[in-house]
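A short worksheet on the structure shown next.
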Amino acid sequence: MEREVLHRMLRDMLLSRAFEERAAEEYSKGNIVGFLHLYPGEEAVAAGVINAAGPSDYIVSNYREHAHALVRGTPAREVMAELFGRATGMSKGMGGSMHMFDRDRRFMGGYAIVGQSCPIAVGIAYATAMRGLPESVICFFGDGAVNQGTFHESLNMAGLWKLPILFVCENNHYAIGTEIHRHSAVPEVFKRVAAYNIPAEKTDGMDVLKVYNTTKHALERIRRGGGPQFIEFETYRYRGHSMADPGTTRPAVELKGFQSVDPLNTAKREVEFRYPTADELAEVGPDNVKLFADHLLDSEYLIEAELEELKQEIQKTVDDAVAFASQSPQPTMDAAWGHLNGNSRHEILM
Ligand SMILES: Cc1ncc(C[n+]2csc(CCOP(=O)(O)OP(=O)(O)O)c2C)c(N)n1
Ligand SMILES: [Mg+2]
């Protein structure tokens with residue numbers, strides 16, 4: 001693999017991690033409000049998939065999409081300003097964390113509704129196919145989305161019409177606090193796809209090189225006219241579902257009730273449950289960013305000093321993004337009307 005691609009993927013992963021950890025900090029300070037779903041732990045998927053795509057491919061994402069936008073090339077300043085709800089943000093401060101959009105880079109949005117990226121990808125791919133363009137649509141969603149009707153309807157249409165879509169399931173094993181074996185009758189996501197005549201495979205989503213290569217091959221098959229492809233990446237998120245989720249899902253009074261009666265083993269386990277920290281996880285399994293950085297150091301693609309320099313450069317980028325966001329103006333109500341369907345007369349087009 002070219003050195004440039006390796007370097008870019010490492011930079012993207014380090015930036016995604018540093019950006020998200022800083023976003024958590026800014027949220028705690030009250031500079032970011034609303035829902036905030038963070039990506040630490042899953043960086044190898046965004047970096048590997050999006051770097052394997054071409055500039056004319058479309059990306060459709062869900063609400064955990066900041067890193068997808070960063071890897072696609074949206075400047076950190078614009079992503080952070082969107083989180084801060086400022087007029088300089090990538091959606092002009094009107095979307096916030098879950099509704100990022102960057103038309104110039106064909107980043108066709110984050111969406112708050114679980115499973116919503118799938119029908120949108122079908123629409124874009126249908127338009128592309130009708131015009132005979134050599135473009136593909138990359139559609140991200142989580143393991144929780146595969147029980148949605150939209151997922152199955154979209155896969156059926158994509159399979160039937162041989163649409164140029166790469167379906168990417170980021171299987172982090174949880175839908176909010178529910179583990180996949182508790183919400184899916186068939187927990188091996190890729191096996192479900194057989195029903196739609198779409199080739200599907202499962203890959204280690206913690207190893208960016210595997211992610212990149214699997215994606216490259218799938219996109220080549222799509223470009224050769226092979227129709228939609230499906231990849232399930234096994235990954236893990238280090239934080240709770242969102243900043244609003246400390247890791248326990250039930251009200252304290254309810255938990256107390258369970259604690260006061262027997263049998264309470266299950267309830268007690270859940271009461272005590274908390275998400276492991278990134279450090280604790282790194283001790284038991286591979287941290288995807290460290291794994292890749294170590295690989296590049298071991299294979300002498302990179303020397304320690306370069307890695308340090310890169311980290312410092314990223315720190316500056318993130319600091320600059322926060323400064324830019326905090327100094328940017330709030331959007332005005334007038335601008336809100338103006339951006340509806342791009343109508344300059346402020347009329348709503350239905
Ligand atoms: C249609 C719909 N149902 C429920 C929700 C509430 N909800 C938000 S995120 C989420 C879990 C989705 O989990 P998953 O798809 O695995 O993505 P992850 O958060 O793990 O990245 C749920 C149920 C929603 N946003 N939309
Ligand atoms: Mg999930």
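Following the order of the structure tokens, chains are lettered A, B, ..., residues in each are numbered from 1, and ligands are numbered from 1.
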
Mind checking which residues fall within 9 Å of Arg105 in chain A, counting only C-alpha atoms, ignoring those fewer than 3 positions away in the same chain, and posting them as an MDAnalysis selection string? chainID A and resid 55:59 69 72:74 102 108

Strand (DSSP E or B) residues, from DSSP on the backbone, in range 74-247 of chain A, as a PyMOL selection string: chain A and resi 102+107+137-142+165-171+174-175+178-179+200-204+229-234

Tell me, as a PyMOL selection string, which residues lie within 9 Å of range 14-27 of chain A, counting only C-alpha atoms; anything in the same chain fewer than 2 positions away does not count. chain A and resi 9-12+29-33+36+38-41+43+47+66-68+70-71+76+80+83-84+243+289+310-311+314-315+317-319+321-322

Would you mind listing the residues within 12 Å of ligand 2, counting only C-alpha atoms and all ligand atoms, as a PyMOL selection string? chain A and resi 37-39+42+62-64+114-115+140-147+169-181+183-184+187+189+232-242

Calculated over only C-alpha atoms, which of the candidates A:Gly225, A:Cys118, A:Thr88, A:Met100 has the smallest distance to Gly132 in chain A?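 The shortest atom-to-atom distance to Gly132 in chain A comes from A:Gly225.
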
What is the distance between CA of Ser136 in chain A and CA of Val211 in chain A, in Å to one decimal? 17.3 Å

Backbone DSSP call of helix (DSSP H, G or I) for range 64-247 of chain A, listed as a PyMOL selection string: chain A and resi 66-72+76-83+103-105+117-130+143-147+149-161+180-183+189-196+208-226

Which residues are close to range 290-294 of chain A, i.e. within 9 Å by only C-alpha atoms, leaving aside same-chain residues fewer than 2 positions away? Reply as JSON, numbers by chain. {"A": [10, 44, 206, 207, 208, 209, 282, 286, 287, 288, 296, 297, 298, 299, 302, 307]}

Selection file, C-alpha atoms, as a PDB file, in the first residue's frame:
```pdb
ATOM      1  CA  LEU A  10      -3.148   7.285  10.590  1.00  0.00           C
ATOM      2  CA  ALA A  44     -10.520   2.270  11.779  1.00  0.00           C
ATOM      3  CA  MET A 206     -10.380  -2.749  14.454  1.00  0.00           C
ATOM      4  CA  ASP A 207      -7.710  -3.249  11.783  1.00  0.00           C
ATOM      5  CA  VAL A 208      -7.670  -0.342   9.365  1.00  0.00           C
ATOM      6  CA  LEU A 209      -5.648  -2.216   6.733  1.00  0.00           C
ATOM      7  CA  ALA A 282      -6.564  -1.175  25.633  1.00  0.00           C
ATOM      8  CA  PRO A 286      -6.428  -3.900  20.578  1.00  0.00           C
ATOM      9  CA  ASP A 287      -7.046  -0.200  20.472  1.00  0.00           C
ATOM     10  CA  ASN A 288      -7.477   0.419  16.760  1.00  0.00           C
ATOM     11  CA  LEU A 296       3.629   1.554  11.035  1.00  0.00           C
ATOM     12  CA  LEU A 297       6.410   2.013  13.574  1.00  0.00           C
ATOM     13  CA  ASP A 298       7.329  -1.695  13.519  1.00  0.00           C
ATOM     14  CA  SER A 299       7.411  -1.831   9.731  1.00  0.00           C
ATOM     15  CA  LEU A 302       7.135   5.877  10.415  1.00  0.00           C
ATOM     16  CA  LEU A 307       4.284  10.221  15.107  1.00  0.00           C
TER      17      LEU A 307
END
```

Using only C-alpha atoms, find the one residue out of A:Arg86, A:Val60, A:Glu65, A:His217 that sits nearest to Arg103 in chain A.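 Of A:Arg86, A:Val60, A:Glu65, A:His217, the one nearest Arg103 in chain A is A:Val60, counting only C-alpha atoms.
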